[in-house]
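Shown here: coords39.pdb, PDB, C-alpha atoms.
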```
ATOM      1  CA  MET A  11     -17.238 -10.945  -1.838
ATOM      2  CA  ILE A  12     -14.625 -12.331  -4.236
ATOM      3  CA  PRO A  13     -15.505 -15.933  -5.176
ATOM      4  CA  PRO A  14     -13.202 -18.517  -3.586
ATOM      5  CA  THR A  15     -10.838 -20.389  -5.896
ATOM      6  CA  GLU A  16      -8.949 -23.671  -5.785
ATOM      7  CA  SER A  17      -6.402 -23.921  -3.007
ATOM      8  CA  LEU A  18      -2.843 -22.771  -3.483
ATOM      9  CA  ASN A  19      -0.344 -25.125  -1.904
ATOM     10  CA  ALA A  20       3.297 -25.277  -0.905
ATOM     11  CA  PHE A  21       4.350 -21.690  -0.165
ATOM     12  CA  LYS A  22       7.753 -23.147   0.703
ATOM     13  CA  ALA A  23       8.168 -25.096  -2.562
ATOM     14  CA  VAL A  24      10.767 -24.106  -5.128
ATOM     15  CA  ARG A  25       8.919 -23.114  -8.263
ATOM     16  CA  LYS A  26      10.108 -23.917 -11.753
ATOM     17  CA  PRO A  27      11.204 -21.050 -13.993
ATOM     18  CA  PHE A  28       8.140 -19.147 -15.168
ATOM     19  CA  ILE A  29       7.439 -19.303 -18.915
ATOM     20  CA  ALA A  30       4.857 -17.129 -20.630
ATOM     21  CA  ALA A  31       3.594 -18.573 -23.917
ATOM     22  CA  SER A  32       2.923 -16.116 -26.735
ATOM     23  CA  THR A  33       3.009 -15.961 -30.509
ATOM     24  CA  VAL A  34       3.953 -12.278 -30.290
ATOM     25  CA  GLU A  35       6.267 -11.941 -27.315
ATOM     26  CA  LYS A  36       9.204 -14.204 -26.777
ATOM     27  CA  PRO A  37       8.624 -16.774 -24.022
ATOM     28  CA  PHE A  38       9.720 -15.385 -20.683
ATOM     29  CA  VAL A  39      12.257 -17.692 -19.077
ATOM     30  CA  ALA A  40      13.567 -16.624 -15.683
ATOM     31  CA  HIS A  41      17.180 -15.641 -16.267
ATOM     32  CA  ALA A  42      18.083 -16.081 -12.597
ATOM     33  CA  PRO A  43      15.470 -18.266 -10.879
ATOM     34  CA  ILE A  44      14.993 -17.307  -7.265
ATOM     35  CA  GLU A  45      13.957 -19.893  -4.707
ATOM     36  CA  ILE A  46      10.552 -19.006  -3.322
ATOM     37  CA  ASN A  47      10.728 -18.022   0.369
ATOM     38  CA  SER A  48      14.503 -17.729   0.349
ATOM     39  CA  ALA A  49      16.264 -14.675   1.765
ATOM     40  CA  LYS A  50      16.792 -13.438  -1.794
ATOM     41  CA  TYR A  51      13.070 -13.812  -2.504
ATOM     42  CA  PHE A  52      12.103 -11.714   0.521
ATOM     43  CA  PHE A  53      14.742  -9.115  -0.391
ATOM     44  CA  THR A  54      13.471  -8.930  -3.974
ATOM     45  CA  SER A  55       9.911  -8.418  -2.721
ATOM     46  CA  ALA A  56      11.102  -5.664  -0.361
ATOM     47  CA  VAL A  57      12.976  -3.818  -3.125
ATOM     48  CA  GLY A  58       9.965  -4.077  -5.427
ATOM     49  CA  GLY A  59       7.764  -2.698  -2.654
ATOM     50  CA  ALA A  60      10.113   0.223  -1.979
ATOM     51  CA  LEU A  61      10.125   1.181  -5.652
ATOM     52  CA  ALA A  62       6.378   0.727  -5.981
ATOM     53  CA  CYS A  63       5.237   2.701  -2.952
ATOM     54  CA  GLY A  64       7.861   5.440  -3.071
ATOM     55  CA  LEU A  65       7.431   6.296  -6.747
ATOM     56  CA  THR A  66       3.638   6.037  -6.923
ATOM     57  CA  HIS A  67       3.021   8.048  -3.766
ATOM     58  CA  TYR A  68       5.433  10.739  -4.961
ATOM     59  CA  MET A  69       3.629  10.958  -8.310
ATOM     60  CA  MET A  70       0.323  11.409  -6.461
ATOM     61  CA  THR A  71       1.674  14.102  -4.106
ATOM     62  CA  PRO A  72      -0.530  16.890  -5.602
ATOM     63  CA  VAL A  73      -3.719  14.867  -5.035
ATOM     64  CA  ASP A  74      -2.586  13.844  -1.556
ATOM     65  CA  MET A  75      -1.777  17.450  -0.654
ATOM     66  CA  LEU A  76      -5.244  18.620  -1.722
ATOM     67  CA  LYS A  77      -6.882  15.743   0.126
ATOM     68  CA  CYS A  78      -5.049  16.604   3.353
ATOM     69  CA  ARG A  79      -5.960  20.288   3.108
ATOM     70  CA  MET A  80      -9.626  19.448   2.453
ATOM     71  CA  GLN A  81      -9.621  17.219   5.541
ATOM     72  CA  VAL A  82      -7.956  19.773   7.806
ATOM     73  CA  THR A  83      -9.655  22.954   6.558
ATOM     74  CA  LYS A  84     -13.292  22.403   5.672
ATOM     75  CA  GLY A  85     -14.443  24.301   2.588
ATOM     76  CA  MET A  86     -10.933  25.300   1.541
ATOM     77  CA  TYR A  87     -11.593  24.006  -1.973
ATOM     78  CA  SER A  88     -14.879  23.142  -3.660
ATOM     79  CA  GLY A  89     -13.284  20.112  -5.269
ATOM     80  CA  VAL A  90     -10.086  18.641  -6.697
ATOM     81  CA  ILE A  91     -10.105  20.736  -9.888
ATOM     82  CA  ASP A  92     -10.730  23.924  -7.906
ATOM     83  CA  GLY A  93      -7.880  22.974  -5.578
ATOM     84  CA  PHE A  94      -5.456  22.375  -8.435
ATOM     85  CA  LYS A  95      -6.300  25.729  -9.987
ATOM     86  CA  LYS A  96      -5.917  27.678  -6.746
ATOM     87  CA  VAL A  97      -2.655  26.023  -5.663
ATOM     88  CA  ALA A  98      -1.095  26.240  -9.138
ATOM     89  CA  SER A  99      -2.079  29.898  -9.385
ATOM     90  CA  ALA A 100      -0.787  30.856  -5.944
ATOM     91  CA  GLU A 101       2.201  28.541  -5.516
ATOM     92  CA  GLY A 102       3.029  27.097  -8.947
ATOM     93  CA  ILE A 103       4.112  23.527  -9.662
ATOM     94  CA  LYS A 104       6.353  23.568  -6.585
ATOM     95  CA  GLY A 105       3.291  24.132  -4.429
ATOM     96  CA  LEU A 106       1.567  21.071  -5.865
ATOM     97  CA  TYR A 107       4.522  18.909  -4.799
ATOM     98  CA  LEU A 108       4.791  20.348  -1.312
ATOM     99  CA  GLY A 109       5.794  17.488   1.009
ATOM    100  CA  GLY A 110       7.188  15.452  -1.855
ATOM    101  CA  MET A 111      10.511  14.554  -0.209
ATOM    102  CA  PRO A 112       9.096  13.053   3.016
ATOM    103  CA  THR A 113       6.496  11.311   0.836
ATOM    104  CA  LEU A 114       9.167   9.688  -1.331
ATOM    105  CA  ILE A 115      11.358   8.616   1.591
ATOM    106  CA  GLY A 116       8.574   7.587   3.949
ATOM    107  CA  TYR A 117       6.591   5.512   1.512
ATOM    108  CA  SER A 118       9.708   3.849   0.095
ATOM    109  CA  LEU A 119      10.487   2.633   3.617
ATOM    110  CA  GLN A 120       6.864   1.634   4.147
ATOM    111  CA  GLY A 121       6.739  -0.280   0.850
ATOM    112  CA  MET A 122       9.925  -2.117   1.724
ATOM    113  CA  GLY A 123       8.410  -3.297   5.005
ATOM    114  CA  LYS A 124       4.933  -3.942   3.602
ATOM    115  CA  TYR A 125       5.806  -6.151   0.626
ATOM    116  CA  GLY A 126       8.903  -7.804   2.054
ATOM    117  CA  PHE A 127       7.349  -8.779   5.368
ATOM    118  CA  TYR A 128       4.063  -9.792   3.694
ATOM    119  CA  GLU A 129       5.853 -12.572   1.837
ATOM    120  CA  TYR A 130       7.819 -13.479   4.965
ATOM    121  CA  PHE A 131       4.725 -13.686   7.182
ATOM    122  CA  LYS A 132       2.893 -15.792   4.591
ATOM    123  CA  TYR A 133       5.784 -18.234   4.760
ATOM    124  CA  LEU A 134       6.021 -18.057   8.571
ATOM    125  CA  TYR A 135       2.308 -18.549   9.241
ATOM    126  CA  THR A 136       2.081 -21.358   6.694
ATOM    127  CA  GLY A 137       4.839 -23.140   8.587
ATOM    128  CA  ILE A 138       3.001 -22.642  11.880
ATOM    129  CA  VAL A 139      -0.463 -23.857  10.809
ATOM    130  CA  GLY A 140       0.631 -26.285   8.114
ATOM    131  CA  GLU A 141       0.285 -26.100   4.350
ATOM    132  CA  GLU A 142      -3.080 -27.870   4.235
ATOM    133  CA  THR A 143      -4.696 -25.452   6.713
ATOM    134  CA  ALA A 144      -3.087 -22.430   5.047
ATOM    135  CA  ALA A 145      -4.407 -23.531   1.656
ATOM    136  CA  LYS A 146      -7.888 -24.122   3.059
ATOM    137  CA  TYR A 147      -8.066 -20.704   4.698
ATOM    138  CA  LYS A 148      -6.125 -18.620   2.171
ATOM    139  CA  THR A 149      -8.019 -15.414   2.823
ATOM    140  CA  MET A 150      -7.175 -15.573   6.519
ATOM    141  CA  LEU A 151      -3.545 -16.154   5.583
ATOM    142  CA  TYR A 152      -3.541 -13.094   3.330
ATOM    143  CA  LEU A 153      -5.225 -10.970   6.001
ATOM    144  CA  SER A 154      -2.968 -12.018   8.874
ATOM    145  CA  ALA A 155       0.270 -11.774   6.876
ATOM    146  CA  SER A 156      -0.525  -8.339   5.451
ATOM    147  CA  GLY A 157      -1.747  -6.975   8.787
ATOM    148  CA  SER A 158       1.415  -8.138  10.544
ATOM    149  CA  ALA A 159       3.617  -6.634   7.830
ATOM    150  CA  GLU A 160       1.846  -3.288   8.060
ATOM    151  CA  VAL A 161       2.542  -2.974  11.805
ATOM    152  CA  ILE A 162       6.255  -2.889  10.972
ATOM    153  CA  ALA A 163       5.862  -0.815   7.816
ATOM    154  CA  ASP A 164       4.047   1.990   9.648
ATOM    155  CA  VAL A 165       6.783   2.348  12.250
ATOM    156  CA  LEU A 166       9.091   3.109   9.316
ATOM    157  CA  LEU A 167       6.597   5.499   7.702
ATOM    158  CA  CYS A 168       5.313   7.476  10.699
ATOM    159  CA  PRO A 169       8.086  10.130  11.099
ATOM    160  CA  MET A 170       7.910  11.062   7.421
ATOM    161  CA  GLU A 171       4.114  11.084   7.451
ATOM    162  CA  ALA A 172       4.133  13.547  10.351
ATOM    163  CA  LEU A 173       6.460  15.895   8.480
ATOM    164  CA  LYS A 174       4.540  15.534   5.221
ATOM    165  CA  VAL A 175       1.195  16.467   6.767
ATOM    166  CA  LYS A 176       2.666  19.480   8.588
ATOM    167  CA  MET A 177       4.308  20.747   5.411
ATOM    168  CA  GLN A 178       1.136  20.322   3.359
ATOM    169  CA  THR A 179      -1.457  21.687   5.766
ATOM    170  CA  SER A 180       0.182  24.401   7.896
ATOM    171  CA  ALA A 181      -1.401  27.830   7.435
ATOM    172  CA  THR A 182       2.076  29.319   7.042
ATOM    173  CA  PRO A 183       5.096  27.496   5.525
ATOM    174  CA  PHE A 184       6.183  24.930   8.111
ATOM    175  CA  ALA A 185       9.817  24.717   7.057
ATOM    176  CA  THR A 186      12.040  25.873   4.210
ATOM    177  CA  SER A 187      13.658  22.447   3.741
ATOM    178  CA  PHE A 188      13.230  18.759   4.473
ATOM    179  CA  LEU A 189      15.977  18.686   7.112
ATOM    180  CA  GLY A 190      14.730  21.954   8.547
ATOM    181  CA  GLY A 191      11.311  20.391   9.032
ATOM    182  CA  LEU A 192      12.786  17.405  10.853
ATOM    183  CA  ARG A 193      14.773  19.677  13.152
ATOM    184  CA  LYS A 194      11.719  21.834  13.845
ATOM    185  CA  ILE A 195       9.553  18.860  14.897
ATOM    186  CA  ASN A 196      12.342  17.438  17.048
ATOM    187  CA  ALA A 197      12.993  20.776  18.749
ATOM    188  CA  ALA A 198       9.305  21.348  19.509
ATOM    189  CA  GLU A 199       8.115  17.877  20.494
ATOM    190  CA  GLY A 200      11.036  15.457  20.504
ATOM    191  CA  ILE A 201      10.487  11.864  19.413
ATOM    192  CA  ASN A 202       6.800  12.114  20.309
ATOM    193  CA  GLY A 203       6.347  14.618  17.499
ATOM    194  CA  PHE A 204       7.305  11.967  14.978
ATOM    195  CA  TYR A 205       5.255   9.125  16.467
ATOM    196  CA  LYS A 206       2.170  10.738  18.030
ATOM    197  CA  GLY A 207       0.227   9.746  14.921
ATOM    198  CA  LEU A 208       1.344   6.090  14.998
ATOM    199  CA  ALA A 209      -1.821   4.649  16.581
ATOM    200  CA  PRO A 210      -4.173   6.438  14.141
ATOM    201  CA  LEU A 211      -1.789   5.471  11.336
ATOM    202  CA  TRP A 212      -2.142   1.821  12.339
ATOM    203  CA  LEU A 213      -5.926   2.279  12.447
ATOM    204  CA  ARG A 214      -5.798   3.617   8.897
ATOM    205  CA  GLN A 215      -3.126   1.457   7.337
ATOM    206  CA  ILE A 216      -3.659  -1.997   8.847
ATOM    207  CA  PRO A 217      -7.285  -2.397   7.627
ATOM    208  CA  TYR A 218      -6.247  -0.726   4.365
ATOM    209  CA  THR A 219      -3.400  -3.153   3.766
ATOM    210  CA  MET A 220      -5.392  -6.218   4.812
ATOM    211  CA  VAL A 221      -8.110  -5.300   2.313
ATOM    212  CA  LYS A 222      -5.509  -4.369  -0.307
ATOM    213  CA  PHE A 223      -3.653  -7.673  -0.248
ATOM    214  CA  ALA A 224      -6.557 -10.062   0.339
ATOM    215  CA  THR A 225      -8.793  -8.394  -2.272
ATOM    216  CA  PHE A 226      -5.960  -8.248  -4.782
ATOM    217  CA  GLU A 227      -5.009 -11.900  -4.368
ATOM    218  CA  ARG A 228      -8.623 -13.054  -4.558
ATOM    219  CA  THR A 229      -9.396 -10.810  -7.530
ATOM    220  CA  VAL A 230      -6.420 -12.131  -9.492
ATOM    221  CA  GLU A 231      -7.548 -15.689  -8.771
ATOM    222  CA  ALA A 232     -11.112 -14.870  -9.836
ATOM    223  CA  ILE A 233     -10.027 -13.154 -13.076
ATOM    224  CA  TYR A 234      -8.036 -16.181 -14.197
ATOM    225  CA  LYS A 235     -10.740 -18.616 -13.137
ATOM    226  CA  TYR A 236     -13.911 -16.864 -14.279
ATOM    227  CA  ALA A 237     -13.030 -14.083 -16.751
ATOM    228  CA  LEU A 238     -10.233 -15.673 -18.776
ATOM    229  CA  SER A 239     -10.190 -18.933 -20.667
ATOM    230  CA  LYS A 240      -6.674 -20.244 -20.050
ATOM    231  CA  PRO A 241      -4.387 -20.949 -17.083
ATOM    232  CA  LYS A 242      -2.178 -18.068 -15.972
ATOM    233  CA  GLU A 243       0.979 -19.677 -17.334
ATOM    234  CA  GLN A 244      -0.395 -19.551 -20.900
ATOM    235  CA  TYR A 245      -0.631 -15.746 -20.948
ATOM    236  CA  THR A 246       2.174 -13.384 -21.880
ATOM    237  CA  LYS A 247       3.983 -11.117 -19.462
ATOM    238  CA  THR A 248       2.039  -8.130 -20.775
ATOM    239  CA  GLU A 249      -1.294  -9.889 -20.353
ATOM    240  CA  GLN A 250      -0.466 -11.029 -16.836
ATOM    241  CA  LEU A 251       0.630  -7.524 -15.861
ATOM    242  CA  GLY A 252      -2.693  -6.272 -17.254
ATOM    243  CA  VAL A 253      -4.481  -8.594 -14.835
ATOM    244  CA  THR A 254      -2.252  -7.232 -12.060
ATOM    245  CA  ALA A 255      -3.235  -3.622 -12.855
ATOM    246  CA  ALA A 256      -6.967  -4.383 -13.081
ATOM    247  CA  ALA A 257      -7.009  -6.314  -9.803
ATOM    248  CA  GLY A 258      -4.922  -3.588  -8.149
ATOM    249  CA  TYR A 259      -7.342  -0.808  -9.037
ATOM    250  CA  PHE A 260     -10.337  -2.865  -7.899
ATOM    251  CA  ALA A 261      -8.634  -3.535  -4.565
ATOM    252  CA  GLY A 262      -7.710   0.141  -4.198
ATOM    253  CA  ILE A 263     -11.347   1.277  -4.260
ATOM    254  CA  PHE A 264     -12.163  -0.907  -1.263
ATOM    255  CA  CYS A 265      -8.957   0.172   0.513
ATOM    256  CA  ALA A 266      -9.860   3.856   0.252
ATOM    257  CA  ILE A 267     -13.346   3.409   1.684
ATOM    258  CA  VAL A 268     -12.293   1.164   4.575
ATOM    259  CA  SER A 269      -9.429   3.369   5.755
ATOM    260  CA  HIS A 270     -10.721   6.887   5.052
ATOM    261  CA  PRO A 271     -12.056   7.879   8.513
ATOM    262  CA  ALA A 272      -8.706   7.014  10.092
ATOM    263  CA  ASP A 273      -6.903   8.880   7.303
ATOM    264  CA  THR A 274      -8.898  12.010   8.147
ATOM    265  CA  LEU A 275      -8.006  11.582  11.810
ATOM    266  CA  VAL A 276      -4.283  11.288  11.004
ATOM    267  CA  SER A 277      -4.405  14.503   8.966
ATOM    268  CA  LYS A 278      -6.165  16.392  11.768
ATOM    269  CA  LEU A 279      -4.073  14.907  14.574
ATOM    270  CA  ASN A 280      -0.821  16.174  13.091
ATOM    271  CA  ASN A 281      -2.226  19.726  13.078
ATOM    272  CA  VAL A 282      -3.880  19.927  16.505
ATOM    273  CA  ALA A 283      -1.936  20.931  19.595
ATOM    274  CA  LYS A 284      -2.385  18.793  22.701
ATOM    275  CA  ALA A 285      -3.309  20.450  25.957
ATOM    276  CA  GLU A 286      -0.933  19.873  28.857
ATOM    277  CA  GLY A 287      -1.391  16.335  30.157
ATOM    278  CA  GLU A 288      -3.784  15.408  27.335
ATOM    279  CA  SER A 289      -3.192  11.987  25.798
ATOM    280  CA  THR A 290      -3.205  11.260  22.073
ATOM    281  CA  GLY A 291      -6.325   9.141  22.548
ATOM    282  CA  THR A 292      -8.159  12.020  24.212
ATOM    283  CA  VAL A 293      -7.173  14.385  21.411
ATOM    284  CA  ALA A 294      -8.360  11.859  18.842
ATOM    285  CA  MET A 295     -11.765  11.531  20.526
ATOM    286  CA  ARG A 296     -12.079  15.324  20.667
ATOM    287  CA  ILE A 297     -11.299  15.586  16.951
ATOM    288  CA  LEU A 298     -13.823  12.893  16.027
ATOM    289  CA  LYS A 299     -16.505  14.611  18.090
ATOM    290  CA  ASP A 300     -15.818  17.927  16.375
ATOM    291  CA  LEU A 301     -15.803  16.386  12.910
ATOM    292  CA  GLY A 302     -18.985  14.371  13.234
ATOM    293  CA  PHE A 303     -19.958  11.547  10.869
ATOM    294  CA  ALA A 304     -19.921  13.668   7.710
ATOM    295  CA  GLY A 305     -16.606  15.277   8.614
ATOM    296  CA  VAL A 306     -14.625  12.051   8.738
ATOM    297  CA  TRP A 307     -15.594  11.360   5.114
ATOM    298  CA  ALA A 308     -14.309  14.714   3.795
ATOM    299  CA  GLY A 309     -11.982  14.237   0.825
ATOM    300  CA  LEU A 310     -13.181  10.695   0.045
ATOM    301  CA  GLY A 311     -13.592  11.401  -3.688
ATOM    302  CA  PRO A 312      -9.994  12.413  -4.363
ATOM    303  CA  ARG A 313      -8.783   9.656  -2.058
ATOM    304  CA  ILE A 314     -10.660   6.943  -4.011
ATOM    305  CA  PHE A 315      -9.058   8.246  -7.203
ATOM    306  CA  MET A 316      -5.664   8.497  -5.511
ATOM    307  CA  ILE A 317      -5.727   5.098  -3.801
ATOM    308  CA  GLY A 318      -7.174   3.266  -6.792
ATOM    309  CA  THR A 319      -4.431   4.652  -8.994
ATOM    310  CA  LEU A 320      -1.780   4.090  -6.341
ATOM    311  CA  THR A 321      -2.768   0.501  -5.669
ATOM    312  CA  ALA A 322      -2.907  -0.427  -9.354
ATOM    313  CA  GLY A 323       0.426   1.310  -9.922
ATOM    314  CA  GLN A 324       2.074  -0.313  -6.920
ATOM    315  CA  TRP A 325       1.098  -3.844  -7.859
ATOM    316  CA  LEU A 326       2.159  -3.149 -11.448
ATOM    317  CA  VAL A 327       5.600  -1.920 -10.347
ATOM    318  CA  VAL A 328       6.032  -4.792  -7.865
ATOM    319  CA  ASP A 329       5.102  -7.451 -10.409
ATOM    320  CA  SER A 330       7.160  -5.808 -13.173
ATOM    321  CA  TYR A 331      10.171  -5.855 -10.871
ATOM    322  CA  LYS A 332       9.496  -9.479  -9.920
ATOM    323  CA  VAL A 333       9.271 -10.459 -13.595
ATOM    324  CA  TRP A 334      12.500  -8.566 -14.306
ATOM    325  CA  SER A 335      14.128 -10.419 -11.389
ATOM    326  CA  GLY A 336      13.047 -13.811 -12.721
ATOM    327  CA  LEU A 337       9.883 -14.374 -10.680
ATOM    328  CA  PRO A 338       6.263 -14.871 -11.781
ATOM    329  CA  THR A 339       3.615 -12.229 -11.149
ATOM    330  CA  THR A 340       1.718 -12.293  -7.861
ATOM    331  CA  GLY A 341      -1.283 -14.576  -7.361
ATOM    332  CA  GLY A 342      -3.426 -16.685  -9.641
ATOM    333  CA  ALA A 343      -1.027 -19.615  -9.935
ATOM    334  CA  ALA A 344      -2.409 -23.045 -10.579
ATOM    335  CA  PRO A 345      -2.506 -25.348  -7.554
ATOM    336  CA  ALA A 346       0.611 -27.344  -6.982
ATOM    337  CA  ALA A 347       0.398 -30.954  -8.087
ATOM    338  CA  LYS A 348      -0.346 -33.370  -5.290
ATOM    339  CA  LYS A 349       2.390 -35.739  -4.341
ATOM    340  CA  GLU A 350       1.584 -39.388  -4.832
TER     341      GLU A 350
END
```

Translate the structure of the given file into structure tokens.
Amino acid sequence: MIPPTESLNAFKAVRKPFIAASTVEKPFVAHAPIEINSAKYFFTSAVGGALACGLTHYMMTPVDMLKCRMQVTKGMYSGVIDGFKKVASAEGIKGLYLGGMPTLIGYSLQGMGKYGFYEYFKYLYTGIVGEETAAKYKTMLYLSASGSAEVIADVLLCPMEALKVKMQTSATPFATSFLGGLRKINAAEGINGFYKGLAPLWLRQIPYTMVKFATFERTVEAIYKYALSKPKEQYTKTEQLGVTAAAGYFAGIFCAIVSHPADTLVSKLNNVAKAEGESTGTVAMRILKDLGFAGVWAGLGPRIFMIGTLTAGQWLVVDSYKVWSGLPTTGGAAPAAKKE
């Protein structure tokens, strides 16, 4: 459990320009202060999320490809290093980035929805329950806002995820191009081919994102309160972004563990044909029965490495973009002063 910290208040308040004090770096003064919880604020968060998720997931495509193959075909590789060697030898660098285009597009859309709607739902739910209640139950606010945002984000991601998994795990090349892959899925299964993995995707991503955001926010608060000696505002941009990266990696470890069984199911589901009249739920139960307890944890090692790196990288990109846009980094702010 991450130790609770002092309450954060006034999600709707307009914050003063953020200044980072340093004898080395120049003080960071927001060049274009953005009103917190304004339309521009939500848009900025969405753009930061699109950049963060799209770029980091694309960079990790080789690890993701190996993870998916290990989940779908048991014993295909003895480990990550063995997988890299075999794929590079047989398919070259291009083979390692198989599925890169749907990864880049899909996770950019997902990041846009995830980070933009997270900030919006924090604002919305704070308005519904009141600032005092939201501050008292911050963890519940983080969990509910991130879970709600992920429902929307996964609808944006699902078609690209379906194509990505098929391209990475098919025994024979699934398609010669990105557009060719989309046409092939549509011709064979219609819209259902793009969204048959949505329910398992929600099962994977919603707990993942709830843990990711709540653990990150709480870890940032704990680092500033217990590990460092000064308030957040007295650290430089570089130091604050270092806290962001550390908290992001810590959160990523928990994310990977919580969501891995559902991740395995998504990988298998996109490669198993349904019998006539068989529902997605029935197929999922059949897959889980065949896999057994040990089977659903296949590929956990590379996924912990991948998700830890991804989560740290995503938060670092998001907060770097926010700083560039004139906003403070996420989390760890001192409580707002009480009005007399």

Between atom CA of A:Ser99 and atom CA of A:Gln178, distance in Å (one decimal):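 So the two atoms, atom CA of A:Ser99 and atom CA of A:Gln178, lie 16.3 Å apart.
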
Shortest interatomic distance to A:Tyr147 - which of A:Ala224, A:Tyr128, A:Ala294, A:Leu208, counting all atoms listed in the file: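 Result for the nearest residue to A:Tyr147: A:Ala224.
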
Pairwise distance for atom CA of A:Thr339 and atom CA of A:Thr54, rounded to one decimal in Å: 12.6 Å

Selection dump of the PyMOL selection byres ((chain A and resi 192) around 12), as a VMD selection string: chain A and resid 111 to 112 169 to 174 176 to 177 184 to 191 193 to 201 203 to 204

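A straight line drawn from atom CA of A:Ala308 to atom CA of A:Gln81 is 5.6 Å long.
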
Among the residues A:Ile103, A:Ala145, A:Leu166, A:Met150, the one that comes closest to A:Leu119 [using all atoms listed in the file]: A:Leu166

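Run against this file, the PyMOL selection byres ((chain A and resi 322-328) around 6) gives back Gly58, Gly59, Ala62, Cys63, Ala255, Gly258, Tyr259, Thr319, Leu320, Thr321, Asp329, Ser330 and Tyr331 of chain A.
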
Written file, previous selection with C-alpha atoms, as a tab-separated table (two decimals), keeping the file's coordinate frame:
```tsv
chain	number	residue	atom	x	y	z
A	58	GLY	CA	9.96	-4.08	-5.43
A	59	GLY	CA	7.76	-2.70	-2.65
A	62	ALA	CA	6.38	0.73	-5.98
A	63	CYS	CA	5.24	2.70	-2.95
A	255	ALA	CA	-3.24	-3.62	-12.86
A	258	GLY	CA	-4.92	-3.59	-8.15
A	259	TYR	CA	-7.34	-0.81	-9.04
A	319	THR	CA	-4.43	4.65	-8.99
A	320	LEU	CA	-1.78	4.09	-6.34
A	321	THR	CA	-2.77	0.50	-5.67
A	329	ASP	CA	5.10	-7.45	-10.41
A	330	SER	CA	7.16	-5.81	-13.17
A	331	TYR	CA	10.17	-5.86	-10.87
```

From A:Val276, A:Leu151, A:Val175, A:Ile317, residue lying nearest A:Arg228 [all atoms listed in the file]: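 Residue with the minimum atom-to-atom distance to A:Arg228: A:Leu151.
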
Spatial neighbours of stretch 230-235 of chain A, 7 Å, only C-alpha atoms, chain gap at least 4 places, as a ChimeraX atom specification: /A:13,15,226,241-242,253-254,257,341-342

Selection dump of the PyMOL selection byres ((chain A and resi 306) around 10), as a PyMOL selection string: chain A and resi 81+270-275+278+297-305+307-310

Distance query A:Phe264 at most 9 Å, all atoms listed in the file, self and fewer than 5 positions along chain excluded, as a list in words: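 Final neighbour list, sorted by chain and number: Tyr218, Val221, Lys222, Thr225, Ser269, Ile314 and Gly318 of chain A.
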